[in-house]
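**Student:** Have a look at this one before I ask anything.
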Amino acid sequence: MIELYVSGQNLRIYTPVIAADSLNYLTAKVWFLGSEWDGYTRWVHFRKGEGPGALVYDLILDGEDRITEDKSLNLTSGEWTVYLTGVREGGRLTTAPVIVTVKESGLIDAPLHEMPLSVAEQIANDAARALACALAIKSDAEAGRFDGRDGTGFVIGGYFETPAALTAAVADPAPGEAYAVGLAAPYDIYIWDALGKSWVNNGPIQGARGESGVPGATFRPRVDPDGNLSWTNDGGLANPETRNIRGPAGQNGARGPAGASAYEAAAGAGFQGTEATFNAALAAMPSHANRHLPGGADPITVKSGNLENGAVTAEKLAPGAVSAGYTATLAADAWQGTAAPWSQTVAVQGLLAADTPLIDLALSGTYSDDQARLSDFARLYRAVTAQNSLTVWAASRPTGAVPLRILCIRK
């Protein structure tokens, strides 16, 4: 093989002795040093002699920068000038020429020298081979030979314990034929290399099962009111460093409209007095709260001059209005009747027949007792006063004693 080394426009040839009169034997390989020739269509030219009788080989390099036997590089004895050219759109690159000497052979009655293919013939032949290859690939693809639809996809043909057993059993393998070799999984996959005429070990398709990994942990974030982001985890692992994620304070918002005063709010809710009356009532509230007794013994008093004329009507503050409070207990076993409604009359000394009292439940302060009392009190639905007595009706019979508080407002 003739070896050519190209660096920029410099060409060097390292080759054994070339003897004349060989036929479709000579090959060549070009090594390009650097990137100057990238993107060029590359040619090697062999020339001997001048004028019309000159011998000329203009050979295009293949995809691996080679000249193969089918290019018919048949050199006669003598000196040949060799150089390279590269062509691409808008440019051409060439090397300086070098001389290669071809020695005479010992062939007697040598055949006539065969002229090489012309440039057009070389291109036409390469194009024809490329077209034939493309059509073959297209045909195989349509037949499903690349996706296994025709049964010719990657298939393991069988299993052998050793490579020797495989070689002995499969005497005439097809290109790409595959077998598994080994005593147990994972098996090595041996594929027949048709060019190298040998079985090639491609290793196992799937490795052995690995060991189980360390159990993971779940990390949970937490953000406190100050914007500090911290983490906890259930795996006993180190937590990330706590970081503050609160952003800078924003600008103060625009001042809102002034709210209504207490008097304006009260008037909006239905209060009909003047603002002076309202303020006087507010001022009197702490004093009244301190003096007011649970039994209602202290009637509300208003100092002279604190109420404007027409602020209230005489009917709302009746002269001599007083309150009276009483207590009574409805016994659990004193209810009268055999079915609803049930009734019970209790003595209340001082109660008048004309009274319309406010009746409430007296609570003990013990949770369980008060729950029972509230349940029984909810069964009552009517009460009627008489002189020194009170009659109460129940929709269903209470189960325990019901203590009552009775408040009467009298003129």
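Chain labels follow the order of the structure tokens: the first chain is A, the next B, and so on; residue numbering restarts at 1 in every chain, and ligands are counted from 1 in their shown order.
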Within 6 Å of Glu3 (chain A), counting only C-alpha atoms, which residues qualify if same-chain residues fewer than 4 places away don't, as a list of chain:residue names?

**Tutor:**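 These residues fall inside the cut-off: A:Ile13, A:Tyr14, A:Thr15, A:Ala28, A:Lys29, A:Val30.
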
**Student:** Please produce an output containing C-alpha atoms for each residue in the selection, written as a PDB file, in the first residue's frame.

**Tutor:**
ATOM      1  CA  ILE A  13       5.087   9.584   0.328  1.00  0.00           C
ATOM      2  CA  TYR A  14       6.243   6.513   2.214  1.00  0.00           C
ATOM      3  CA  THR A  15       5.941   3.382   0.132  1.00  0.00           C
ATOM      4  CA  ALA A  28      -3.198   3.875  -1.360  1.00  0.00           C
ATOM      5  CA  LYS A  29      -4.090   5.575   1.945  1.00  0.00           C
ATOM      6  CA  VAL A  30      -3.849   9.335   2.534  1.00  0.00           C
TER       7      VAL A  30
END

**Student:** May I ask which of the residues A:Thr218, A:Arg246, A:Ala269, A:Phe377 is the closest one to Asn233 (chain A), counting only C-alpha atoms?

**Tutor:** A:Thr218

**Student:** Neighbouring residues of region 83-100 of chain A were defined as those with any atom within 8 Å, considering only C-alpha atoms; residues of the same chain fewer than 2 positions away were excluded. Please report them as a list in words.

**Tutor:**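 In the requested format, the answer is Val6, Gly8, Gln9, Asn10, Leu11, Arg12, Ile13, Trp37, Gly39, Tyr40, Thr41, Arg42, Trp43, Val44, His45, Phe46, Glu79, Trp80, Thr81 and Val102 of chain A.
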
**Student:** Taking 5 positions as the minimum chain separation for residues in the same chain, which residues sit within 10 Å of Gly216 (chain A) when counting only C-alpha atoms? Answer as a CSV table (one decimal) with N, CA and C atoms, in the first residue's frame.

**Tutor:**
chain,number,residue,atom,x,y,z
A,233,ASN,N,-36.0,15.6,58.8
A,233,ASN,CA,-36.1,14.4,58.0
A,233,ASN,C,-36.3,13.1,58.9
A,234,ASP,N,-36.9,12.1,58.3
A,234,ASP,CA,-37.2,10.9,59.1
A,234,ASP,C,-36.1,9.8,58.9
A,235,GLY,N,-35.0,10.2,58.4
A,235,GLY,CA,-33.9,9.2,58.1
A,235,GLY,C,-32.7,9.4,59.0
A,237,LEU,N,-30.7,11.9,59.0
A,237,LEU,CA,-29.6,12.5,58.2
A,237,LEU,C,-29.4,14.0,58.6

**Student:** Mind checking which residues fall within 9 Å of Asn388 (chain A), counting only C-alpha atoms, ignoring those fewer than 5 positions away in the same chain, and posting them as an MDAnalysis selection string?

**Tutor:** chainID A and resid 346:353

**Student:** What is the CA of Tyr5 (chain A) to CA of Ser105 (chain A) distance in Å?

**Tutor:**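 Between these atoms lies a distance of 26.8 Å.
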
**Student:** For the helix (DSSP H, G or I) assignment from backbone DSSP, which residues of region 193-284 of chain A qualify? Please present them as a VMD selection string.

**Tutor:** chain A and resid 262 to 268 275 to 284

**Student:** Near Thr242 (chain A), within 9 Å and counting only C-alpha atoms, which residues show up once chain neighbours fewer than 3 positions away are dropped, as a JSON list (two decimals) with C-alpha atoms, in the first residue's frame?

**Tutor:**
[["chain", "number", "residue", "atom", "x", "y", "z"],
["A", 228, "ASN", "CA", -36.59, 31.15, 58.49],
["A", 229, "LEU", "CA", -36.68, 28.02, 56.31],
["A", 230, "SER", "CA", -35.56, 24.89, 58.16],
["A", 231, "TRP", "CA", -35.79, 21.15, 57.50],
["A", 239, "ASN", "CA", -30.48, 18.67, 57.53]]

**Student:** Using only C-alpha atoms, what does the table of region 189-271 of chain A residues within 12 Å of region 149-173 of chain A look like, with each row giving the shortest atom pair and its distance in Å to one decimal, sorted by chain and ascending number, as a tab-separated table?

**Tutor:**
residue	atom	partner	partner_atom	distance
A:Ile189	CA	A:Ile156	CA	8.1
A:Tyr190	CA	A:Pro163	CA	8.3
A:Ile191	CA	A:Ile156	CA	9.3
A:Trp192	CA	A:Pro173	CA	6.7
A:Asp193	CA	A:Pro173	CA	9.3
A:Ala194	CA	A:Pro173	CA	8.6
A:Lys197	CA	A:Pro173	CA	9.6
A:Ser198	CA	A:Thr167	CA	9.3
A:Trp199	CA	A:Thr167	CA	8.1
A:Val200	CA	A:Pro163	CA	10.0
A:Asn201	CA	A:Pro163	CA	9.2
A:Pro204	CA	A:Ile156	CA	12.0
A:Ile205	CA	A:Ile156	CA	10.9

**Student:** Could you pull out all residues of region 193-294 of chain A with a DSSP call of strand (DSSP E or B) and give them as a list of chain:residue names?

**Tutor:**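 DSSP on the backbone gives strand (DSSP E or B) at A:Asp193, A:Ser198, A:Trp199, A:Val200, A:Asn201, A:Phe219, A:Arg220, A:Pro221, A:Arg222, A:Val223, A:Asn228, A:Leu229, A:Ser230, A:Trp231, A:Thr232, A:Asn233, A:Arg243, A:Asn244.
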
**Student:** Point out the residue among A:Glu211, A:Asp333, A:Glu64, A:Asp360 with the least atom-to-atom distance to Gly400 (chain A), counting only C-alpha atoms.

**Tutor:**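 Going through A:Glu211, A:Asp333, A:Glu64, A:Asp360 one by one, the smallest distance to Gly400 (chain A) is for A:Asp333.
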